[in-house]
Each structure stands twice: as C-alpha cells, then as structure tokens.
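For reference, data-v9.txt (compact mmCIF, C-alpha atoms):
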```txt
# COMPACT_ATOMS: atom_id res chain seq x y z
CA MET A 1 -15.11 -8.59 -19.88
CA THR A 2 -16.80 -5.55 -21.40
CA VAL A 3 -14.93 -2.45 -22.57
CA LEU A 4 -16.28 1.00 -23.40
CA VAL A 5 -14.03 3.68 -24.92
CA ASN A 6 -15.63 7.10 -24.67
CA GLY A 7 -18.93 5.31 -24.13
CA ALA A 8 -18.77 3.06 -27.21
CA ARG A 9 -18.12 -0.65 -27.55
CA GLY A 10 -15.60 -1.79 -30.15
CA GLN A 11 -13.77 1.54 -30.31
CA GLY A 12 -9.99 1.60 -29.96
CA VAL A 13 -7.65 3.94 -28.12
CA SER A 14 -5.41 6.23 -30.15
CA PRO A 15 -1.75 5.12 -30.31
CA LEU A 16 -0.95 8.77 -29.54
CA ASP A 17 -2.81 8.68 -26.23
CA ARG A 18 -0.70 10.23 -23.47
CA GLY A 19 -1.91 7.57 -21.08
CA ILE A 20 -0.05 4.98 -23.16
CA HIS A 21 3.05 7.10 -23.66
CA PHE A 22 3.45 8.62 -20.21
CA GLY A 23 0.90 7.13 -17.82
CA ASP A 24 -0.72 10.58 -18.03
CA GLY A 25 -4.04 9.77 -16.41
CA LEU A 26 -5.87 8.32 -13.44
CA PHE A 27 -8.05 5.34 -12.69
CA GLU A 28 -10.59 3.98 -10.23
CA THR A 29 -11.32 0.36 -9.39
CA ILE A 30 -14.92 0.03 -8.24
CA ALA A 31 -16.38 -3.06 -6.58
CA CYS A 32 -19.96 -3.81 -7.64
CA ARG A 33 -22.36 -6.17 -5.88
CA GLY A 34 -25.95 -6.96 -6.74
CA GLY A 35 -25.77 -4.77 -9.83
CA ARG A 36 -24.70 -1.67 -7.86
CA PRO A 37 -21.34 0.04 -7.40
CA ARG A 38 -19.94 0.57 -3.91
CA PHE A 39 -19.20 4.13 -2.82
CA LEU A 40 -19.44 5.51 -6.34
CA THR A 41 -19.59 9.12 -5.16
CA PHE A 42 -16.28 8.75 -3.30
CA HIS A 43 -14.64 7.19 -6.35
CA LEU A 44 -15.88 10.00 -8.58
CA GLU A 45 -14.76 12.66 -6.12
CA ARG A 46 -11.25 11.22 -6.06
CA LEU A 47 -11.14 10.89 -9.85
CA ILE A 48 -12.37 14.44 -10.51
CA SER A 49 -10.09 15.88 -7.83
CA GLY A 50 -7.14 14.03 -9.39
CA CYS A 51 -8.00 15.40 -12.83
CA GLU A 52 -8.03 18.92 -11.39
CA ARG A 53 -4.61 18.40 -9.79
CA LEU A 54 -3.16 17.07 -13.06
CA GLN A 55 -5.02 19.72 -15.09
CA ILE A 56 -6.86 17.12 -17.15
CA ARG A 57 -10.21 18.18 -18.54
CA ALA A 58 -12.34 15.60 -16.77
CA PRO A 59 -15.50 14.14 -18.32
CA GLU A 60 -18.74 15.02 -16.57
CA PRO A 61 -19.15 12.92 -13.40
CA GLU A 62 -22.71 12.05 -14.43
CA LEU A 63 -21.39 10.58 -17.68
CA ILE A 64 -18.89 8.38 -15.87
CA ALA A 65 -21.45 7.35 -13.27
CA GLY A 66 -23.90 6.34 -15.99
CA GLU A 67 -21.36 4.08 -17.66
CA VAL A 68 -20.30 2.48 -14.37
CA CYS A 69 -23.92 1.78 -13.42
CA GLU A 70 -24.65 0.42 -16.90
CA LEU A 71 -21.81 -2.09 -16.69
CA ALA A 72 -22.61 -3.01 -13.08
CA ARG A 73 -26.35 -3.48 -13.66
CA ASP A 74 -26.26 -6.92 -15.30
CA ALA A 75 -23.74 -8.53 -12.94
CA ASP A 76 -24.26 -9.91 -9.46
CA ARG A 77 -20.56 -9.33 -8.73
CA ALA A 78 -18.13 -7.39 -10.91
CA ILE A 79 -15.17 -5.04 -10.84
CA VAL A 80 -15.56 -1.89 -12.94
CA LYS A 81 -12.40 0.01 -13.74
CA VAL A 82 -12.55 3.60 -15.00
CA LEU A 83 -9.52 5.20 -16.63
CA VAL A 84 -9.32 8.84 -17.66
CA THR A 85 -6.24 9.94 -19.62
CA ARG A 86 -5.35 13.37 -20.92
CA GLY A 87 -6.10 11.99 -24.38
CA ALA A 88 -4.27 11.84 -27.68
CA ALA A 89 -1.20 14.06 -27.89
CA VAL A 90 -1.39 16.96 -30.31
CA GLY A 91 2.39 17.24 -30.42
CA ARG A 92 5.50 15.33 -29.45
CA GLY A 93 7.10 15.64 -26.02
CA TYR A 94 6.13 15.76 -22.36
CA ALA A 95 4.48 19.18 -22.44
CA ALA A 96 0.72 19.11 -22.77
CA ALA A 97 -0.69 21.51 -25.33
CA GLY A 98 -3.84 22.16 -23.32
CA LYS A 99 -6.02 21.28 -26.29
CA GLU A 100 -6.22 17.53 -25.65
CA THR A 101 -9.58 15.82 -25.27
CA ALA A 102 -9.65 13.35 -22.40
CA THR A 103 -10.04 9.66 -23.17
CA ARG A 104 -12.34 7.66 -20.91
CA ILE A 105 -12.14 3.88 -20.72
CA THR A 106 -14.61 1.85 -18.67
CA ILE A 107 -14.03 -1.87 -18.23
CA ARG A 108 -16.09 -4.54 -16.47
CA TYR A 109 -14.08 -7.48 -15.14
CA PRO A 110 -15.51 -10.62 -13.57
CA TRP A 111 -15.19 -10.77 -9.80
CA PRO A 112 -12.03 -12.75 -8.97
CA ASP A 113 -12.18 -16.05 -7.12
CA GLU A 114 -12.12 -15.40 -3.40
CA ASP A 115 -10.68 -17.22 -0.43
CA VAL A 116 -13.17 -16.31 2.31
CA SER A 117 -10.72 -17.46 4.97
CA LYS A 118 -8.68 -14.32 4.33
CA SER A 119 -11.43 -12.14 5.77
CA HIS A 120 -12.09 -14.51 8.67
CA ASP A 121 -8.71 -15.99 9.61
CA GLY A 122 -6.52 -13.20 8.27
CA VAL A 123 -3.61 -13.04 5.84
CA LYS A 124 0.14 -13.33 5.89
CA VAL A 125 2.09 -10.23 4.86
CA CYS A 126 5.75 -9.34 4.48
CA THR A 127 7.73 -6.13 4.28
CA LEU A 128 9.43 -5.38 0.96
CA SER A 129 12.81 -3.82 0.21
CA MET A 130 11.36 -1.82 -2.69
CA ARG A 131 11.02 1.87 -1.72
CA LEU A 132 8.44 4.32 -3.00
CA GLY A 133 9.65 7.67 -4.27
CA GLU A 134 8.32 10.72 -2.43
CA ASN A 135 6.50 13.39 -4.43
CA PRO A 136 3.83 15.48 -2.66
CA LEU A 137 2.42 16.61 -6.02
CA LEU A 138 1.33 13.04 -6.76
CA ALA A 139 0.62 11.84 -3.21
CA GLY A 140 -2.84 10.36 -2.80
CA LEU A 141 -3.55 10.09 -6.53
CA LYS A 142 -4.36 6.80 -8.20
CA HIS A 143 -2.44 7.75 -11.31
CA CYS A 144 -1.73 5.41 -14.21
CA ASN A 145 2.00 5.02 -13.57
CA ARG A 146 2.11 1.86 -11.42
CA LEU A 147 5.70 0.78 -12.20
CA GLU A 148 6.69 0.95 -8.54
CA GLN A 149 3.88 -1.43 -7.61
CA ILE A 150 4.81 -3.78 -10.46
CA LEU A 151 8.40 -3.94 -9.24
CA ALA A 152 7.24 -4.39 -5.67
CA ARG A 153 4.86 -7.21 -6.55
CA ALA A 154 7.71 -9.03 -8.27
CA GLN A 155 9.59 -9.22 -4.97
CA TRP A 156 7.70 -12.27 -3.73
CA PRO A 157 6.83 -15.36 -5.82
CA ALA A 158 3.19 -16.07 -6.57
CA ASP A 159 3.47 -19.58 -5.15
CA ILE A 160 4.36 -18.60 -1.57
CA ASP A 161 1.70 -18.12 1.10
CA VAL A 162 1.88 -14.34 1.34
CA SER A 163 -1.09 -12.22 0.34
CA GLU A 164 0.41 -8.74 0.45
CA GLY A 165 3.69 -6.85 0.74
CA LEU A 166 4.13 -3.66 2.75
CA LEU A 167 5.97 -0.71 1.25
CA PHE A 168 8.01 2.06 2.81
CA SER A 169 9.00 5.39 1.29
CA SER A 170 12.54 6.48 0.46
CA SER A 171 12.61 8.14 3.91
CA GLY A 172 11.77 4.87 5.63
CA ASN A 173 8.15 5.70 6.44
CA LEU A 174 5.45 3.05 6.12
CA VAL A 175 3.12 3.92 3.23
CA SER A 176 0.84 1.04 2.20
CA GLY A 177 0.66 -2.41 0.70
CA THR A 178 1.09 -3.00 -3.03
CA LEU A 179 -2.70 -2.99 -3.45
CA SER A 180 -3.98 -1.89 -0.06
CA ASN A 181 -3.85 0.68 2.70
CA VAL A 182 -2.60 -0.46 6.08
CA PHE A 183 -3.84 0.17 9.63
CA ILE A 184 -2.28 -0.89 12.92
CA VAL A 185 -3.82 -0.99 16.39
CA ARG A 186 -1.84 -0.20 19.52
CA GLY A 187 -3.87 -0.42 22.69
CA SER A 188 -7.16 1.32 21.90
CA ILE A 189 -5.81 3.58 19.13
CA VAL A 190 -5.88 2.82 15.41
CA GLN A 191 -3.09 4.35 13.33
CA THR A 192 -2.65 4.61 9.57
CA PRO A 193 0.16 6.19 7.54
CA ARG A 194 -0.23 9.73 6.34
CA ILE A 195 -0.55 9.90 2.55
CA ASP A 196 1.12 13.27 2.05
CA LEU A 197 4.41 12.33 0.36
CA CYS A 198 3.45 9.26 -1.69
CA GLY A 199 0.92 6.44 -1.86
CA VAL A 200 -2.74 6.19 -2.78
CA ALA A 201 -5.51 7.53 -0.55
CA GLY A 202 -7.87 4.59 -0.98
CA VAL A 203 -11.64 4.91 -1.03
CA MET A 204 -12.02 2.04 1.45
CA ARG A 205 -9.46 3.75 3.66
CA ARG A 206 -11.68 6.81 3.60
CA VAL A 207 -14.76 4.77 4.46
CA VAL A 208 -13.05 2.97 7.34
CA ILE A 209 -11.76 6.26 8.80
CA ARG A 210 -15.27 7.71 8.56
CA GLU A 211 -16.80 4.68 10.27
CA MET A 212 -14.21 4.83 13.06
CA HIS A 213 -15.06 8.46 13.75
CA GLN A 214 -18.77 7.65 13.84
CA ALA A 215 -18.19 4.66 16.14
CA GLY A 216 -16.02 6.64 18.54
CA ILE A 217 -12.88 4.60 17.81
CA ARG A 218 -9.76 6.68 18.36
CA MET A 219 -7.55 6.92 15.29
CA GLN A 220 -4.55 8.84 14.01
CA GLU A 221 -3.06 9.53 10.61
CA CYS A 222 0.63 9.72 11.40
CA VAL A 223 4.19 8.80 10.46
CA LEU A 224 4.81 5.08 11.06
CA ARG A 225 8.06 3.18 10.79
CA THR A 226 9.32 -0.40 11.11
CA GLU A 227 9.38 -0.30 14.90
CA ASP A 228 5.72 0.71 14.96
CA LEU A 229 4.81 -2.42 13.01
CA GLN A 230 6.73 -4.51 15.51
CA GLU A 231 4.70 -3.01 18.37
CA ALA A 232 1.30 -3.49 16.72
CA ASP A 233 -1.33 -5.44 18.67
CA GLU A 234 -3.54 -5.74 15.58
CA MET A 235 -3.12 -4.98 11.90
CA PHE A 236 -5.50 -4.90 8.96
CA LEU A 237 -5.50 -4.01 5.28
CA THR A 238 -8.18 -2.31 3.19
CA ASN A 239 -9.08 -1.80 -0.44
CA ALA A 240 -12.19 -1.34 -2.53
CA ARG A 241 -12.68 -5.03 -3.28
CA ILE A 242 -11.57 -6.82 -0.11
CA GLY A 243 -13.02 -4.42 2.42
CA ILE A 244 -10.92 -5.43 5.44
CA TRP A 245 -8.36 -8.20 5.64
CA PRO A 246 -7.06 -8.88 9.15
CA VAL A 247 -3.34 -9.61 9.27
CA ARG A 248 -2.47 -12.83 11.11
CA GLU A 249 1.24 -12.90 10.38
CA LEU A 250 3.85 -10.27 9.57
CA ASN A 251 7.30 -11.50 8.57
CA SER A 252 6.59 -14.79 10.40
CA ARG A 253 5.43 -12.97 13.57
CA ALA A 254 1.94 -14.05 14.58
CA ILE A 255 -0.65 -11.27 15.06
CA LEU A 256 -4.12 -12.44 16.05
CA PRO A 257 -7.08 -10.57 14.50
CA GLY A 258 -8.23 -8.47 17.44
CA PRO A 259 -11.42 -6.88 18.77
CA ILE A 260 -11.11 -3.53 16.98
CA THR A 261 -10.51 -5.23 13.62
CA ARG A 262 -13.49 -7.50 14.19
CA ARG A 263 -15.71 -4.61 15.21
CA LEU A 264 -14.82 -2.68 12.07
CA GLN A 265 -15.52 -5.75 9.94
CA GLU A 266 -18.98 -5.99 11.53
CA ILE A 267 -19.64 -2.29 10.90
CA LEU A 268 -18.48 -2.54 7.31
CA ALA A 269 -20.24 -5.81 6.39
CA PRO A 270 -23.68 -4.35 5.50
CA LEU A 271 -22.04 -1.60 3.43
CA LEU A 272 -20.15 -4.18 1.38
CA GLU A 273 -22.86 -6.82 0.92
CA GLY A 274 -25.63 -4.35 0.16
CA PRO A 275 -23.72 -1.68 -1.73
CA ARG A 276 -24.53 1.93 -1.01
CA ASP A 277 -23.19 5.15 -2.29
CA ALA A 278 -21.22 7.49 -0.04
CA ALA A 279 -23.83 7.60 2.74
```
Whole structure given in structure tokens:
Amino acid sequence: MTVLVNGARGQGVSPLDRGIHFGDGLFETIACRGGRPRFLTFHLERLISGCERLQIRAPEPELIAGEVCELARDADRAIVKVLVTRGAAVGRGYAAAGKETATRITIRYPWPDEDVSKSHDGVKVCTLSMRLGENPLLAGLKHCNRLEQILARAQWPADIDVSEGLLFSSSGNLVSGTLSNVFIVRGSIVQTPRIDLCGVAGVMRRVVIREMHQAGIRMQECVLRTEDLQEADEMFLTNARIGIWPVRELNSRAILPGPITRRLQEILAPLLEGPRDAA
C-alpha cells in the first residue's frame, strides 16, 4: 500500500482535519488495470462536482489525475482511492470558515482476491432492514460519512454465503447495495433506482447506462420498491471494481442471469480489461 498526502509520501494528516472530525469530504475508488485507471475522467468529474456542491476548494483535476496515474503505473492491478477533505479546521465547530485548504489523500491498495464465479455464475444477495436517510442535498455524492453503510454491512455475518445487501430509503424506496448500484430487468426494460433523495451515483452505473443507450437497450431511472424486486426477471449489481455481478439469488429466490445481463457483460468486458478513460 502506498499513501500520498498532498502529493508527498510520509506526510501525516492534521488532527484538526474536518474530514476526521465530521466526514467533511468526498472520495473516489478507482479500479486500475495494466497500469491505467478506468474511467478516470468520470471519477474526476464526480469528485469536482461534489466539491462544488459542498463548497470545498477542490485541487486541480490535473493534479489529482497525475497522482492517480503515478500510483497506477507500476501495478498490473490496483485500487487507487482519492480522498479530498475540506482540510484542517481554523476554528472549532461545524461552521466552515471558508479559509480552509483542502487536504488530498491518494492511496494505492492491492487488488483484492477475486472469485471469478461471481461474474459468471452470479451472486446471492439479501434485503436489509437498515434504512438510508433521505437528503437531496447529499444524494449522489460519495461523501466521507459512510456510517449507514457500516451499520448495514454489519447486518449479515461475513461467514454466510451472501455477497451483497440491498438497501431501501426511509420512504421504502430501493436505493442500492452497500457497495453497489442495482439494476433489475422486467421483460425487455432495464430499471435502476433514481438517486435523487439518497445513495451514491456510481461511475460504473453511469457507464452501464451510457452503454445501454448506445446499444439500444430500453432503460428507466425510476422509483422501485420491494414488489418490483419480486417481479424482476433479471438483476445485476455494478461498481467500479466488479463491473457487473449478475444476481442468481435474492432472499433465497432463484434468479437466473439472463440475456440482457450477459449482453451488457460482453459490452463492458473490453472496457474493463483494457482500461480506457471516459470514451
């Protein structure tokens, strides 16, 4: 693991950093293959847009991109995480003074061990009782406060054969998995939850939606509830590392990976194995 703080190795983070105190920041998790990051432009766009919404003075995108590419260059497979916080507090309390200098942390992790059967055979998922709070001001952002996801992940033991848990909002609307976005297929139409009240608008979600439009696959971003899951003919999950995981079982109900899921996996495969930028 390699860590850069504001571009330097061996430098620490201030104990006054608002990211530590309040989760006042954002992050991106970027999959890198063959020494290159996947969809770096999309990750940077989301990060910079999030900084604007939170009124954080974002570092220059070219600076962040240079550090990501530097850490990715020497690794065949790696995960590079970029965190940008508002920086060290200049006074006590929640209110930002407006004079803070953003802290940027870039970390290279080794690629985790993979079970390739998850992409081929599919995964088991369950629905969770944990509910996500609704706040349109934070919807879509990958902000540093992940306490809801931590509590949600604790709802199923690590030793049971479930790969992901699905989360609903306080209004009962399907939102996402703990680490993924979710898509269902009914007939010839793909549907995915709207991310307008809570949840993270994932980069891989964005890529999959783009590829569906280009391939002429009908899709909708809409409100989905428990009954919609029960009527799904196919289901799949996405995130930056896994690409697409077909779902083969939901709450003990078998769901076979279907033709639309397989087609999207085929479309996505060259983009994941030979990483490109946003194109």
- Quick one: of A:Gly93, A:Ile64, A:Thr41, A:Thr192, who's nearest to Arg218 of chain A, counting only C-alpha atoms? A:Thr192
- Item | Contacts of segment 96-99 of chain A within 10 Å, all atoms listed in the file, excl. fewer than 3 positions in-chain, as an MDAnalysis selection string | chainID A and resid 18 24 55:57 86:93 102
- Message: Rounded to one decimal, what separation in Å do you get between atom CA of Asp17 of chain A and atom CA of Val80 of chain A?
- Response: 21.2 Å
- For Val200 of chain A, which residue out of A:Leu250, A:Met235, A:Ile267, A:Leu138 is the nearest one, using only C-alpha atoms? A:Leu138
- atom CA of Ile255 of chain A to atom CA of Arg186 of chain A: how many Å, to one decimal?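 Atom-to-atom, atom CA of Ile255 of chain A to atom CA of Arg186 of chain A, that is 12.0 Å.
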- Task: Please measure the separation of atom CA of Glu114 of chain A and atom CA of Arg241 of chain A, giving the value in Å to one decimal.
- Result: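 Between these atoms lies a distance of 10.4 Å.
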- Would you mind telling me which residue in A:Leu166, A:Ile260, A:Leu229, A:Leu174 lies nearest to Ile217 of chain A when using all atoms listed in the file?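 Checking each of A:Leu166, A:Ile260, A:Leu229, A:Leu174 against Ile217 of chain A, counting all atoms listed in the file, the winner is A:Ile260.
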- What's the 12 Å shell around Leu63 of chain A, counting all atoms listed in the file, without same-chain residues fewer than 3 positions away, as a list in words? Asn6, Gly7, Leu44, Ala58, Pro59, Glu60, Gly66, Glu67, Val68, Cys69, Glu70, Val82, Arg104, Ile105 and Thr106 of chain A
- Nearest to Phe39 of chain A: which of A:Gly258, A:Gly202, A:Gly19, A:Leu264 is it, counting all atoms listed in the file?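 Between A:Gly258, A:Gly202, A:Gly19, A:Leu264, the residue approaching Phe39 of chain A most closely is A:Gly202.
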- Message: I want to know what sits within 10 Å of Leu268 of chain A, based on all atoms listed in the file, with residues of the same chain fewer than 2 positions away left out; could you give that as an NGL selection string?
- Response: :A and (204 or 207-208 or 211 or 243-244 or 262-266 or 270-273)
As AutoDock Vina command-line options, what would the box around segment 130-149 of chain A look like: edges along x, y and z, 8 Å added on every side, centre and edge lengths in Å to one decimal?
```
--center_x 3.5 --center_y 7.4 --center_z -8.0 --size_x 31.7 --size_y 34.4 --size_z 28.5
```
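Taking all atoms listed in the file, the non-local environment of Arg131 of chain A within 7 Å (same-chain residues fewer than 3 positions away omitted) comprises Leu167, Phe168, Ser169 and Ser170 of chain A.
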- Task: Select, from A:Ile195, A:Ile189, A:Gly10, A:Ala201, the residue with the minimum atom-to-atom distance to Met219 of chain A, counting only C-alpha atoms.
- Result: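 Selected residue with least distance to Met219 of chain A: A:Ile189.
Distances to Thr238 of chain A were evaluated for A:Met130, A:Ile150, A:Leu83, A:Ile184 using all atoms listed in the file, and the minimum falls at A:Ile184.
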- Task: Please identify all polymer residues within 8 Å of Ile107 of chain A, counting only C-alpha atoms, omitting same-chain residues fewer than 3 positions from it, and present them as a ChimeraX atom specification.
- Result: /A:1-4,71,80-82
